[in-house]
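One file, entry_30.cif, is given below (mmCIF, C-alpha atoms).
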```
data_input
#
loop_
_atom_site.label_atom_id
_atom_site.label_comp_id
_atom_site.auth_asym_id
_atom_site.auth_seq_id
_atom_site.Cartn_x
_atom_site.Cartn_y
_atom_site.Cartn_z
CA MET A 1 44.17 -49.49 13.33
CA HIS A 2 41.08 -49.39 15.54
CA ARG A 3 42.76 -46.98 17.91
CA PHE A 4 43.72 -44.61 15.04
CA LEU A 5 40.17 -44.50 13.66
CA SER A 6 38.71 -43.97 17.12
CA THR A 7 40.98 -41.02 17.82
CA LYS A 8 40.23 -39.49 14.45
CA CYS A 9 36.47 -39.85 14.92
CA LEU A 10 36.56 -38.39 18.41
CA ALA A 11 38.54 -35.41 17.09
CA ALA A 12 35.87 -34.83 14.46
CA LEU A 13 33.18 -35.01 17.13
CA ILE A 14 34.99 -32.44 19.31
CA ALA A 15 35.30 -30.12 16.33
CA LEU A 16 31.61 -30.54 15.60
CA ASN A 17 30.57 -29.76 19.17
CA ALA A 18 32.92 -26.78 19.48
CA ALA A 19 31.64 -25.14 16.30
CA ALA A 20 28.80 -22.68 16.78
CA VAL A 21 25.59 -23.75 15.12
CA CYS A 22 25.12 -20.49 13.27
CA SER A 23 28.62 -19.17 12.60
CA ALA A 24 30.15 -21.08 9.71
CA VAL A 25 30.23 -20.91 5.95
CA PRO A 26 27.92 -23.26 4.00
CA ALA A 27 29.39 -26.17 2.16
CA GLN A 28 28.87 -24.67 -1.33
CA PRO A 29 29.24 -20.87 -1.06
CA LEU A 30 27.88 -18.62 -3.74
CA ALA A 31 29.97 -15.98 -5.51
CA ARG A 32 30.69 -12.99 -3.26
CA ALA A 33 28.70 -9.82 -3.85
CA PRO A 34 30.23 -6.38 -4.21
CA GLU A 35 30.32 -4.32 -1.01
CA GLU A 36 29.34 -7.39 1.02
CA LEU A 37 25.63 -7.02 0.29
CA GLY A 38 23.85 -9.77 2.20
CA ALA A 39 26.43 -10.10 4.96
CA SER A 40 24.25 -8.24 7.44
CA LEU A 41 20.58 -7.45 7.70
CA GLY A 42 21.36 -3.78 8.27
CA GLY A 43 23.16 -3.55 4.93
CA VAL A 44 20.25 -5.27 3.19
CA LEU A 45 17.75 -2.81 4.68
CA ALA A 46 19.91 0.19 3.75
CA PHE A 47 20.13 -1.07 0.15
CA LEU A 48 16.38 -1.66 0.19
CA GLU A 49 15.56 1.91 1.23
CA ALA A 50 17.51 3.30 -1.71
CA ARG A 51 16.55 0.84 -4.45
CA ASN A 52 13.14 -0.73 -3.88
CA PRO A 53 10.66 0.47 -6.55
CA GLU A 54 7.62 0.05 -4.28
CA LEU A 55 9.09 2.49 -1.79
CA ARG A 56 9.94 4.95 -4.56
CA ALA A 57 6.38 4.75 -5.90
CA MET A 58 4.89 5.43 -2.47
CA ALA A 59 7.30 8.33 -1.98
CA TYR A 60 6.15 9.87 -5.27
CA GLU A 61 2.52 9.45 -4.23
CA ALA A 62 3.23 11.18 -0.93
CA ASP A 63 4.95 14.02 -2.81
CA ALA A 64 1.92 14.31 -5.09
CA ALA A 65 -0.36 14.57 -2.05
CA GLN A 66 1.82 17.35 -0.64
CA ALA A 67 1.61 19.17 -3.97
CA ARG A 68 -2.19 18.91 -3.88
CA LEU A 69 -2.13 20.34 -0.38
CA ARG A 70 -0.31 23.44 -1.56
CA ALA A 71 -3.03 24.06 -4.15
CA ALA A 72 -5.99 23.22 -1.90
CA GLY A 73 -8.32 26.00 -0.86
CA ALA A 74 -7.16 28.40 -3.56
CA LEU A 75 -9.66 30.81 -5.07
CA PRO A 76 -11.16 29.75 -8.38
CA ASP A 77 -9.60 31.38 -11.42
CA PRO A 78 -11.05 34.78 -12.32
CA ILE A 79 -13.01 35.11 -15.55
CA LEU A 80 -12.04 37.73 -18.10
CA GLY A 81 -14.70 38.49 -20.69
CA MET A 82 -15.03 40.59 -23.82
CA GLU A 83 -18.26 41.43 -25.65
CA LEU A 84 -18.59 43.16 -29.02
CA ARG A 85 -21.96 44.93 -29.23
CA ASP A 86 -23.90 46.48 -32.09
CA ILE A 87 -21.77 44.92 -34.82
CA PRO A 88 -22.88 46.35 -38.23
CA THR A 89 -24.71 43.77 -40.28
CA ARG A 90 -23.57 45.26 -43.59
CA GLU A 91 -19.91 45.31 -42.66
CA PRO A 92 -19.36 42.74 -39.91
CA THR A 93 -16.15 43.28 -37.95
CA LEU A 94 -14.36 41.95 -34.94
CA SER A 95 -12.48 45.15 -34.34
CA PRO A 96 -13.50 46.86 -31.08
CA ALA A 97 -12.95 50.24 -32.72
CA ASN A 98 -15.51 49.51 -35.48
CA ALA A 99 -18.17 47.84 -33.30
CA GLY A 100 -20.93 49.85 -31.72
CA SER A 101 -19.45 49.24 -28.27
CA THR A 102 -17.16 46.78 -26.53
CA ARG A 103 -17.52 45.55 -22.98
CA TYR A 104 -14.53 44.21 -21.02
CA SER A 105 -15.30 42.42 -17.74
CA LEU A 106 -13.37 40.74 -14.93
CA ARG A 107 -15.24 38.49 -12.44
CA GLN A 108 -14.08 36.60 -9.35
CA MET A 109 -16.04 34.13 -7.18
CA PHE A 110 -15.46 33.99 -3.42
CA PRO A 111 -16.63 30.81 -1.61
CA LEU A 112 -18.22 31.53 1.76
CA GLY A 113 -18.78 29.33 4.82
CA ASP A 114 -15.10 28.37 5.37
CA LYS A 115 -15.19 26.13 2.29
CA ARG A 116 -11.62 26.92 1.40
CA GLY A 117 -10.41 26.08 4.92
CA LEU A 118 -12.24 22.77 4.82
CA GLN A 119 -10.73 21.97 1.42
CA ARG A 120 -7.27 22.59 2.87
CA GLU A 121 -8.02 20.33 5.85
CA ILE A 122 -9.22 17.56 3.54
CA ALA A 123 -6.06 17.86 1.47
CA ALA A 124 -3.95 17.83 4.64
CA ALA A 125 -5.67 14.66 5.83
CA ASP A 126 -5.15 13.05 2.42
CA ALA A 127 -1.46 13.99 2.57
CA LEU A 128 -1.19 12.38 6.01
CA ALA A 129 -2.90 9.28 4.67
CA ALA A 130 -0.48 9.10 1.74
CA ASP A 131 2.49 9.46 4.08
CA ALA A 132 1.07 6.79 6.39
CA ARG A 133 0.53 4.45 3.41
CA ARG A 134 4.15 4.97 2.49
CA GLY A 135 5.08 3.99 6.05
CA ALA A 136 2.86 0.91 5.89
CA THR A 137 4.39 -0.12 2.56
CA ALA A 138 7.89 0.44 3.95
CA ALA A 139 7.10 -1.74 6.97
CA GLU A 140 5.73 -4.49 4.71
CA VAL A 141 8.68 -4.42 2.31
CA ARG A 142 11.19 -4.36 5.17
CA MET A 143 9.46 -7.37 6.71
CA ARG A 144 9.76 -9.28 3.42
CA ALA A 145 13.45 -8.42 3.25
CA LYS A 146 13.99 -9.58 6.84
CA LEU A 147 12.20 -12.86 6.20
CA ALA A 148 14.13 -13.52 2.99
CA TRP A 149 17.49 -12.70 4.63
CA THR A 150 16.70 -14.90 7.62
CA GLN A 151 15.75 -17.81 5.35
CA TYR A 152 18.99 -17.24 3.44
CA TRP A 153 20.89 -17.40 6.74
CA TYR A 154 19.05 -20.53 7.87
CA ALA A 155 19.57 -22.51 4.66
CA GLY A 156 23.31 -21.83 4.64
CA HIS A 157 23.86 -22.74 8.27
CA ALA A 158 21.64 -25.80 8.09
CA ALA A 159 23.77 -26.98 5.17
CA HIS A 160 26.89 -26.41 7.27
CA VAL A 161 25.52 -28.47 10.17
CA THR A 162 24.58 -31.26 7.76
CA GLU A 163 28.00 -31.13 6.07
CA ASN A 164 29.77 -31.40 9.44
CA LEU A 165 27.72 -34.43 10.32
CA ARG A 166 28.33 -35.94 6.89
CA THR A 167 32.07 -35.60 7.51
CA LEU A 168 31.64 -37.27 10.86
CA MET A 169 29.56 -39.98 9.24
CA VAL A 170 32.46 -40.73 6.87
CA ASP A 171 34.59 -41.48 9.94
CA LEU A 172 31.85 -43.63 11.42
CA GLU A 173 31.64 -45.56 8.18
CA GLN A 174 35.39 -46.17 8.33
CA ILE A 175 35.06 -47.45 11.89
CA ALA A 176 32.23 -49.77 10.87
CA ARG A 177 34.25 -50.98 7.86
CA SER A 178 37.30 -51.61 10.03
CA ARG A 179 35.32 -53.51 12.65
CA TYR A 180 33.62 -55.54 9.93
CA GLY A 181 37.03 -56.38 8.45
CA GLY A 182 38.08 -57.63 11.83
CA GLY A 183 34.97 -59.77 12.14
CA LEU A 184 33.64 -57.74 15.09
CA THR A 185 30.46 -56.45 13.45
CA PRO A 186 28.19 -57.61 10.62
CA GLN A 187 28.34 -56.14 7.14
CA GLN A 188 24.96 -54.55 7.82
CA ASP A 189 26.71 -51.84 9.89
CA VAL A 190 28.73 -50.73 6.87
CA ILE A 191 25.63 -50.71 4.67
CA LYS A 192 23.75 -48.65 7.24
CA ALA A 193 26.59 -46.13 7.37
CA GLN A 194 26.70 -45.86 3.60
CA THR A 195 22.93 -45.47 3.45
CA GLU A 196 23.09 -42.67 6.01
CA LEU A 197 25.83 -40.96 3.98
CA THR A 198 23.66 -41.10 0.88
CA SER A 199 20.74 -39.64 2.82
CA LEU A 200 22.91 -36.79 4.11
CA ARG A 201 24.13 -36.01 0.59
CA SER A 202 20.51 -35.88 -0.56
CA ASP A 203 19.65 -33.53 2.30
CA LEU A 204 22.57 -31.30 1.33
CA VAL A 205 21.26 -31.04 -2.21
CA MET A 206 17.86 -29.96 -0.92
CA LEU A 207 19.39 -27.44 1.48
CA GLN A 208 21.47 -25.91 -1.30
CA SER A 209 18.30 -25.64 -3.38
CA GLU A 210 16.54 -23.90 -0.47
CA ARG A 211 19.49 -21.53 -0.22
CA ARG A 212 19.30 -20.61 -3.90
CA GLN A 213 15.58 -20.03 -3.55
CA ALA A 214 16.21 -17.75 -0.56
CA VAL A 215 18.77 -15.82 -2.61
CA ALA A 216 16.22 -15.36 -5.37
CA ARG A 217 13.59 -14.15 -2.89
CA LEU A 218 15.97 -11.69 -1.29
CA ASN A 219 17.16 -10.36 -4.64
CA SER A 220 13.55 -9.96 -5.71
CA VAL A 221 12.82 -7.71 -2.73
CA LEU A 222 16.00 -5.76 -3.48
CA ALA A 223 14.99 -5.37 -7.15
CA ARG A 224 18.09 -7.27 -8.33
CA PRO A 225 18.45 -10.18 -10.75
CA ALA A 226 17.42 -13.46 -9.14
CA ASP A 227 20.92 -14.93 -9.43
CA ALA A 228 22.81 -11.79 -8.36
CA PRO A 229 25.58 -12.73 -5.90
CA LEU A 230 25.22 -12.14 -2.17
CA ALA A 231 27.80 -12.23 0.59
CA GLU A 232 27.67 -14.95 3.19
CA PRO A 233 25.24 -13.96 5.97
CA GLY A 234 26.47 -13.18 9.44
CA GLU A 235 24.63 -13.68 12.69
CA PRO A 236 20.95 -12.68 13.02
CA ARG A 237 19.89 -9.89 15.34
CA ALA A 238 19.61 -10.41 19.07
CA LEU A 239 16.06 -10.11 20.37
CA PRO A 240 15.57 -6.54 21.66
CA ASP A 241 14.70 -5.90 25.29
CA ARG A 242 11.52 -4.05 24.32
CA LEU A 243 9.94 -7.40 23.50
CA GLN A 244 9.82 -8.26 27.20
CA ASP A 245 7.06 -5.73 27.99
CA PHE A 246 3.90 -6.61 26.08
CA ALA A 247 1.82 -3.74 27.48
CA THR A 248 4.35 -1.13 26.33
CA LEU A 249 4.66 -2.85 22.99
CA MET A 250 0.89 -2.77 22.51
CA ARG A 251 0.74 0.92 23.42
CA ASP A 252 3.52 1.73 20.97
CA ALA A 253 1.74 -0.23 18.25
CA GLU A 254 -1.53 1.64 18.76
CA GLN A 255 0.29 4.98 18.69
CA ARG A 256 2.70 4.35 15.82
CA SER A 257 1.14 1.73 13.58
CA PRO A 258 1.12 3.08 10.00
CA THR A 259 -2.05 1.12 9.27
CA LEU A 260 -3.92 2.87 12.08
CA ALA A 261 -2.41 6.18 10.98
CA VAL A 262 -3.94 5.64 7.53
CA ASN A 263 -7.32 4.93 9.13
CA ASP A 264 -7.11 8.03 11.33
CA ALA A 265 -6.30 10.23 8.34
CA GLN A 266 -9.20 8.73 6.38
CA ILE A 267 -11.58 9.43 9.27
CA ARG A 268 -10.44 13.03 9.47
CA SER A 269 -10.77 13.48 5.72
CA ALA A 270 -14.29 12.01 5.74
CA GLN A 271 -15.35 14.24 8.64
CA ARG A 272 -14.09 17.38 6.93
CA ASN A 273 -15.72 16.33 3.67
CA ALA A 274 -19.08 16.00 5.47
CA GLU A 275 -18.60 19.51 6.85
CA LEU A 276 -17.78 20.76 3.36
CA MET A 277 -20.97 19.23 2.01
CA ARG A 278 -22.95 21.00 4.72
CA ALA A 279 -21.17 24.24 3.91
CA SER A 280 -22.41 23.96 0.32
CA ARG A 281 -25.74 25.27 1.65
CA THR A 282 -24.03 28.64 2.01
CA PRO A 283 -24.07 30.62 -1.24
CA ASP A 284 -20.91 31.86 -2.93
CA VAL A 285 -20.45 35.52 -3.82
CA GLY A 286 -19.04 36.84 -7.06
CA VAL A 287 -17.84 40.38 -7.75
CA GLY A 288 -16.76 41.94 -10.99
CA VAL A 289 -15.90 45.11 -12.83
CA ALA A 290 -16.37 46.07 -16.45
CA LEU A 291 -15.68 48.96 -18.77
CA ILE A 292 -17.43 50.00 -21.97
CA GLN A 293 -15.49 51.09 -25.02
CA MET A 294 -17.12 52.98 -27.87
CA GLY A 295 -14.84 53.48 -30.81
CA THR A 296 -11.50 54.23 -29.25
CA ARG A 297 -12.84 55.81 -26.06
CA VAL A 298 -13.81 54.25 -22.72
CA THR A 299 -17.17 55.76 -21.92
CA ASP A 300 -18.63 53.82 -18.97
CA TYR A 301 -17.74 51.56 -16.04
CA GLU A 302 -19.77 48.81 -14.39
CA VAL A 303 -19.61 47.05 -11.01
CA MET A 304 -21.22 43.65 -10.53
CA LEU A 305 -22.27 41.52 -7.57
CA GLU A 306 -23.70 38.01 -7.96
CA VAL A 307 -24.71 35.20 -5.61
CA ASN A 308 -25.33 31.59 -6.50
CA ILE A 309 -28.46 30.04 -5.04
CA PRO A 310 -28.09 26.55 -3.45
CA TRP A 311 -31.48 25.56 -4.75
CA GLN A 312 -30.99 21.82 -5.16
CA THR A 313 -31.44 20.89 -1.50
CA ASP A 314 -32.08 17.23 -2.30
CA ILE A 315 -28.65 16.96 -3.89
CA ILE A 316 -27.07 18.71 -0.91
CA ARG A 317 -28.75 16.34 1.55
CA ALA A 318 -27.68 13.34 -0.52
CA ASN A 319 -24.06 14.57 -0.58
CA VAL A 320 -24.09 15.12 3.19
CA SER A 321 -25.53 11.64 3.78
CA GLU A 322 -22.90 10.10 1.52
CA ALA A 323 -20.09 11.91 3.34
CA GLN A 324 -21.44 10.84 6.73
CA ALA A 325 -21.69 7.23 5.60
CA MET A 326 -18.11 7.33 4.34
CA GLY A 327 -17.01 8.72 7.71
CA ALA A 328 -18.82 5.92 9.55
CA ALA A 329 -17.20 3.38 7.23
CA ALA A 330 -13.76 4.85 7.95
CA GLU A 331 -14.37 4.60 11.69
CA ALA A 332 -15.51 0.99 11.34
CA ARG A 333 -12.38 0.15 9.31
CA ARG A 334 -10.29 1.75 12.04
CA GLU A 335 -11.91 -0.44 14.69
CA ALA A 336 -11.37 -3.53 12.54
CA SER A 337 -7.72 -2.61 11.94
CA ALA A 338 -7.15 -2.02 15.66
CA ALA A 339 -8.69 -5.37 16.55
CA GLN A 340 -6.59 -7.15 13.94
CA LEU A 341 -3.47 -5.35 15.15
CA ARG A 342 -4.06 -6.40 18.75
CA GLY A 343 -4.71 -9.98 17.68
CA GLU A 344 -1.66 -10.24 15.43
CA LEU A 345 0.61 -8.59 17.96
CA GLY A 346 -0.62 -10.79 20.79
CA GLN A 347 -0.25 -13.94 18.70
CA ASN A 348 3.28 -13.13 17.53
CA TRP A 349 4.40 -11.99 20.97
CA ALA A 350 3.11 -15.16 22.64
CA ALA A 351 4.81 -17.32 20.01
CA LEU A 352 8.07 -15.39 20.38
CA ASP A 353 7.97 -15.68 24.16
CA ALA A 354 7.54 -19.46 23.89
CA LEU A 355 10.32 -19.68 21.31
CA ARG A 356 12.66 -17.79 23.62
CA GLU A 357 12.11 -20.34 26.38
CA GLN A 358 12.34 -23.23 23.94
CA SER A 359 15.65 -21.94 22.60
CA GLN A 360 17.05 -21.75 26.10
CA ILE A 361 16.01 -25.32 26.87
CA VAL A 362 17.41 -26.75 23.63
CA ARG A 363 20.67 -24.80 23.77
CA THR A 364 21.53 -25.33 27.43
CA THR A 365 19.97 -28.71 28.18
CA LEU A 366 18.84 -30.81 25.23
CA LEU A 367 21.80 -30.24 22.91
CA PRO A 368 24.45 -31.08 25.54
CA GLN A 369 22.44 -34.18 26.46
CA VAL A 370 22.23 -35.55 22.92
CA GLU A 371 25.90 -34.76 22.28
CA LEU A 372 26.85 -36.59 25.46
CA THR A 373 24.61 -39.48 24.39
CA PHE A 374 26.40 -39.64 21.05
CA GLU A 375 29.84 -39.59 22.68
CA SER A 376 28.81 -42.41 24.98
CA ALA A 377 27.32 -44.40 22.10
CA LEU A 378 30.48 -43.92 20.06
CA VAL A 379 32.74 -45.21 22.82
CA SER A 380 30.35 -48.08 23.55
CA TYR A 381 30.20 -49.08 19.88
CA GLN A 382 33.98 -49.19 19.64
CA THR A 383 34.09 -51.51 22.61
CA GLY A 384 31.22 -53.62 21.31
CA ARG A 385 28.71 -52.76 24.03
CA VAL A 386 26.07 -51.24 21.66
CA ASP A 387 25.18 -51.93 18.07
CA PHE A 388 25.59 -49.57 15.13
CA ALA A 389 21.87 -48.77 15.03
CA THR A 390 22.14 -47.19 18.49
CA LEU A 391 25.14 -45.11 17.40
CA LEU A 392 23.35 -44.06 14.22
CA ASP A 393 20.26 -43.03 16.15
CA ALA A 394 22.41 -40.94 18.51
CA GLN A 395 24.05 -39.23 15.52
CA ARG A 396 20.66 -38.45 14.03
CA GLN A 397 19.51 -36.96 17.32
CA VAL A 398 22.49 -34.59 17.30
CA ARG A 399 21.70 -33.42 13.79
CA ARG A 400 17.98 -33.12 14.47
CA THR A 401 18.58 -31.11 17.64
CA ARG A 402 21.02 -28.75 15.95
CA LEU A 403 18.63 -28.19 13.05
CA ASP A 404 15.77 -27.69 15.50
CA LEU A 405 17.78 -24.99 17.23
CA LEU A 406 18.36 -23.28 13.89
CA LYS A 407 14.64 -23.52 13.12
CA ILE A 408 13.80 -21.97 16.48
CA GLU A 409 16.11 -19.05 15.75
CA LEU A 410 14.61 -18.75 12.27
CA GLU A 411 11.11 -18.62 13.75
CA GLN A 412 12.22 -16.06 16.32
CA GLN A 413 13.52 -13.75 13.62
CA MET A 414 10.36 -14.19 11.56
CA ARG A 415 8.16 -13.33 14.55
CA LEU A 416 10.34 -10.31 15.31
CA ALA A 417 9.95 -9.11 11.73
CA GLU A 418 6.17 -9.50 11.96
CA ILE A 419 6.04 -7.52 15.21
CA GLU A 420 8.14 -4.73 13.72
CA ARG A 421 5.79 -4.58 10.74
CA ILE A 422 2.81 -4.26 13.06
CA VAL A 423 4.44 -1.59 15.20
CA GLY A 424 5.82 0.21 12.17
CA GLU A 425 9.34 0.76 13.47
CA GLU A 426 12.54 -1.06 14.31
CA LEU A 427 12.66 -2.37 17.85
#
```

Starting from the file, give its structure as structure tokens.
Amino acid sequence: MHRFLSTKCLAALIALNAAAVCSAVPAQPLARAPEELGASLGGVLAFLEARNPELRAMAYEADAAQARLRAAGALPDPILGMELRDIPTREPTLSPANAGSTRYSLRQMFPLGDKRGLQREIAAADALAADARRGATAAEVRMRAKLAWTQYWYAGHAAHVTENLRTLMVDLEQIARSRYGGGLTPQQDVIKAQTELTSLRSDLVMLQSERRQAVARLNSVLARPADAPLAEPGEPRALPDRLQDFATLMRDAEQRSPTLAVNDAQIRSAQRNAELMRASRTPDVGVGVALIQMGTRVTDYEVMLEVNIPWQTDIIRANVSEAQAMGAAAEARREASAAQLRGELGQNWAALDALREQSQIVRTTLLPQVELTFESALVSYQTGRVDFATLLDAQRQVRRTRLDLLKIELEQQMRLAEIERIVGEEL
């Protein structure tokens, strides 16, 4: 009987060690989603691009800015006027034929000093800012989707690791019960095994709760009902090679960051607005034509020329000062954003670099060591050379190490998502 239980337990251990940490189905799978949504991060991001309302709103705002650009710098509308003159007081009339005379005029103002060109440049800068804000929002939303999917992946695979160890713990409990029945070990070993089984079941409940929460978070980003079904997640992305070169990554971030692009567009808009305020010192010219009707005949023509006088110089100076201050504020915000970008990128890159080394150590050295320790403790317990507490501690080390490896991979994916948000593109 002892030999049968030992063989069975060792078989379970071999199956546990041969299984990949991140490649199995959780113990309590959710209902499958149509079209395998959730199986891969790429599918989640493709669904996000088409369905997320935040991205649609930013796209509409960018379209609105482009529409404003098409109308910027246009001439003001002409003014068409009509005057009835010498209306008889005894027989008032609004008929041009019965009035003393009628004057028809058409006037058009022409801004001088390149005001229209500056208005177009301001609108172009605003359109660039709107497009950059859309890019920044897209990067932020994509990061949230990546984090939610990665947490969904982690919770499911952590539950699978815990379920495998719970199954193994059932075999260990049978061994302890058998040895206790033979008078080889105290009853305390059986109680310890049962206590550990209860603890593992409790952990499984918590992990399933974390998984459901991750599903709700991911569905929220995808604008779906919180309990909408998702397919079982596959493997996370491999870390791209571009992460190895920090200097290149920093240069790409400074060139392509949507946040910095927004700041640059705001600076350009503020600069052109200051120039437009200065150009308001230049007067605008208006021209017009008119004709005079008496009775039913056109008797005279008129030609008009008018110039507005920029008399309120205090207002002009105040407007210029305001525009210059807004430009200085935009430049300061750009410097602050660049400093924050460099800090965030450096922090995430350093953490990711350390996580990469840590993952290598745990996967290639620590995990084989704790598994070998558990195998040795299992054999020693069956021969009576170690107590059950030593075997239990070795089993806990295996579970803790496997979960630590999953957490390292989770943290790697989260750091990668942060870096891609900062850079503004997929690496």

- Query: Any idea what the distance is between atom CA of Gly327 of chain A and atom CA of Met58 of chain A?
  - Reply: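 Separation of atom CA of Gly327 of chain A and atom CA of Met58 of chain A: 24.4 Å.
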
- Step by step, work through what the PyMOL selection byres ((chain A and resi 276-288) around 7) selects in the shown file, and finish by giving those residues as a PyMOL selection string. chain A and resi 105-113+115+118+272-275+289-290+303-310+316+319-320

- Query: Which residues, written as a PyMOL selection string, have at least one atom at most 7 Å from segment 145-157 of chain A, with only C-alpha atoms counted and residues fewer than 6 positions away on the same chain left out?
  - Reply: chain A and resi 22+24+26+41+207+210-211+214-215+217-218+221+233+406+410+413-414+417

- Message: Please expand the PyMOL selection byres ((chain A and resi 78-86) around 7) into the concrete residues it hits in this file, giving the result as a PyMOL selection string.
- Response: chain A and resi 76-77+87-88+96+99-108

- Query: Just so the selection is clear, what residues does the PyMOL selection byres ((chain A and resi 330-337) around 8) cover here, as a list in words?
  - Reply: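 On the file shown, the PyMOL selection byres ((chain A and resi 330-337) around 8) covers Thr259, Leu260, Asn263, Asp264, Gln266, Ile267, Ala270, Met326, Gly327, Ala328, Ala329, Ala338, Ala339, Gln340 and Leu341 of chain A.
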
- Item | Option closest in space to Ser40 of chain A, from A:Arg144, A:Arg224, A:Arg237, A:Arg116 [counting all atoms listed in the file] |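 Closest to Ser40 of chain A of all the choices is A:Arg237.
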
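Distance-wise, atom CA of Phe374 of chain A and atom CA of Ala394 of chain A end up 4.9 Å apart.
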
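The shortest atom-to-atom distance to Pro236 of chain A, with all atoms listed in the file taken into account, belongs to A:Glu411 out of A:Asp131, A:Glu121, A:Glu411, A:Glu420.
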
- Task: Could you please determine the separation between atom CA of Gly38 of chain A and atom CA of Ala223 of chain A in Å, to one decimal place?
- Result: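 Value for the atom CA of Gly38 of chain A-atom CA of Ala223 of chain A distance: 13.6 Å.
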
Segment 62-147 of chain A residues near segment 47-52 of chain A within 9 Å, closest pair each, using only C-alpha atoms, as CSV:
```
residue,atom,partner,partner_atom,distance
A:Ala138,CA,A:Glu49,CA,8.3
A:Val141,CA,A:Leu48,CA,8.4
A:Arg142,CA,A:Leu48,CA,7.7
A:Ala145,CA,A:Leu48,CA,8.0
```

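Minimum distance to Asp353 of chain A across A:Ala65, A:Leu367, A:Leu243, A:Ile175 (counting only C-alpha atoms) occurs at A:Leu243.
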
Counting all atoms listed in the file, which residues have an atom no more than 10 Å from (-1.1, 1.0, 18.8) in the file's coordinates? Please list them as an mmCIF file with C-alpha atoms, keeping the file's coordinate frame.
```cif
data_model
loop_
_atom_site.group_PDB
_atom_site.id
_atom_site.type_symbol
_atom_site.label_atom_id
_atom_site.label_comp_id
_atom_site.auth_asym_id
_atom_site.auth_seq_id
_atom_site.Cartn_x
_atom_site.Cartn_y
_atom_site.Cartn_z
ATOM 1 C CA THR A 248 4.350 -1.130 26.330
ATOM 2 C CA LEU A 249 4.660 -2.850 22.990
ATOM 3 C CA MET A 250 0.890 -2.770 22.510
ATOM 4 C CA ARG A 251 0.740 0.920 23.420
ATOM 5 C CA ASP A 252 3.520 1.730 20.970
ATOM 6 C CA ALA A 253 1.740 -0.230 18.250
ATOM 7 C CA GLU A 254 -1.530 1.640 18.760
ATOM 8 C CA GLN A 255 0.290 4.980 18.690
ATOM 9 C CA ARG A 256 2.700 4.350 15.820
ATOM 10 C CA SER A 257 1.140 1.730 13.580
ATOM 11 C CA PRO A 258 1.120 3.080 10.000
ATOM 12 C CA THR A 259 -2.050 1.120 9.270
ATOM 13 C CA LEU A 260 -3.920 2.870 12.080
ATOM 14 C CA ALA A 261 -2.410 6.180 10.980
ATOM 15 C CA ALA A 338 -7.150 -2.020 15.660
ATOM 16 C CA LEU A 341 -3.470 -5.350 15.150
ATOM 17 C CA ARG A 342 -4.060 -6.400 18.750
ATOM 18 C CA LEU A 345 0.610 -8.590 17.960
ATOM 19 C CA ILE A 422 2.810 -4.260 13.060
ATOM 20 C CA VAL A 423 4.440 -1.590 15.200
ATOM 21 C CA GLY A 424 5.820 0.210 12.170
#
```

- Neighbour list for Arg415 of chain A as a list in words, cut-off 8 Å, all atoms listed in the file, skip fewer than 2 positions in-chain: Asn348, Trp349, Ala351, Leu352, Glu411, Gln412, Gln413, Ala417, Glu418 and Ile419 of chain A

- Note on the structure: For Thr365 of chain A, the closest of A:Ser321, A:Thr195, A:Thr401, A:Gln395 counting only C-alpha atoms is A:Thr401

- Task: Pick out the closest residue to Thr137 of chain A from this set: A:Ala228, A:Ala62, A:Gln382, A:Met294. Count all atoms listed in the file.
- Result: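 Among the listed residues, the smallest separation from Thr137 of chain A belongs to A:Ala62.
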
Would you mind putting back N, CA and C atoms on segment 317-325 of chain A, then writing it out as a compact mmCIF listing (two decimals), in the coordinates of the input?
```
# COMPACT_ATOMS: atom_id res chain seq x y z
N ARG A 317 -28.51 17.34 0.51
CA ARG A 317 -28.75 16.34 1.55
C ARG A 317 -28.16 14.98 1.19
N ALA A 318 -28.26 14.63 -0.08
CA ALA A 318 -27.68 13.34 -0.52
C ALA A 318 -26.16 13.35 -0.36
N ASN A 319 -25.52 14.47 -0.71
CA ASN A 319 -24.06 14.57 -0.58
C ASN A 319 -23.64 14.51 0.88
N VAL A 320 -24.41 15.17 1.76
CA VAL A 320 -24.09 15.12 3.19
C VAL A 320 -24.24 13.70 3.72
N SER A 321 -25.31 13.02 3.32
CA SER A 321 -25.53 11.64 3.78
C SER A 321 -24.41 10.72 3.29
N GLU A 322 -24.00 10.92 2.06
CA GLU A 322 -22.90 10.10 1.52
C GLU A 322 -21.62 10.33 2.31
N ALA A 323 -21.31 11.60 2.59
CA ALA A 323 -20.09 11.91 3.34
C ALA A 323 -20.14 11.34 4.75
N GLN A 324 -21.31 11.41 5.39
CA GLN A 324 -21.44 10.84 6.73
C GLN A 324 -21.28 9.33 6.72
N ALA A 325 -21.84 8.68 5.71
CA ALA A 325 -21.69 7.23 5.60
C ALA A 325 -20.22 6.83 5.37
```
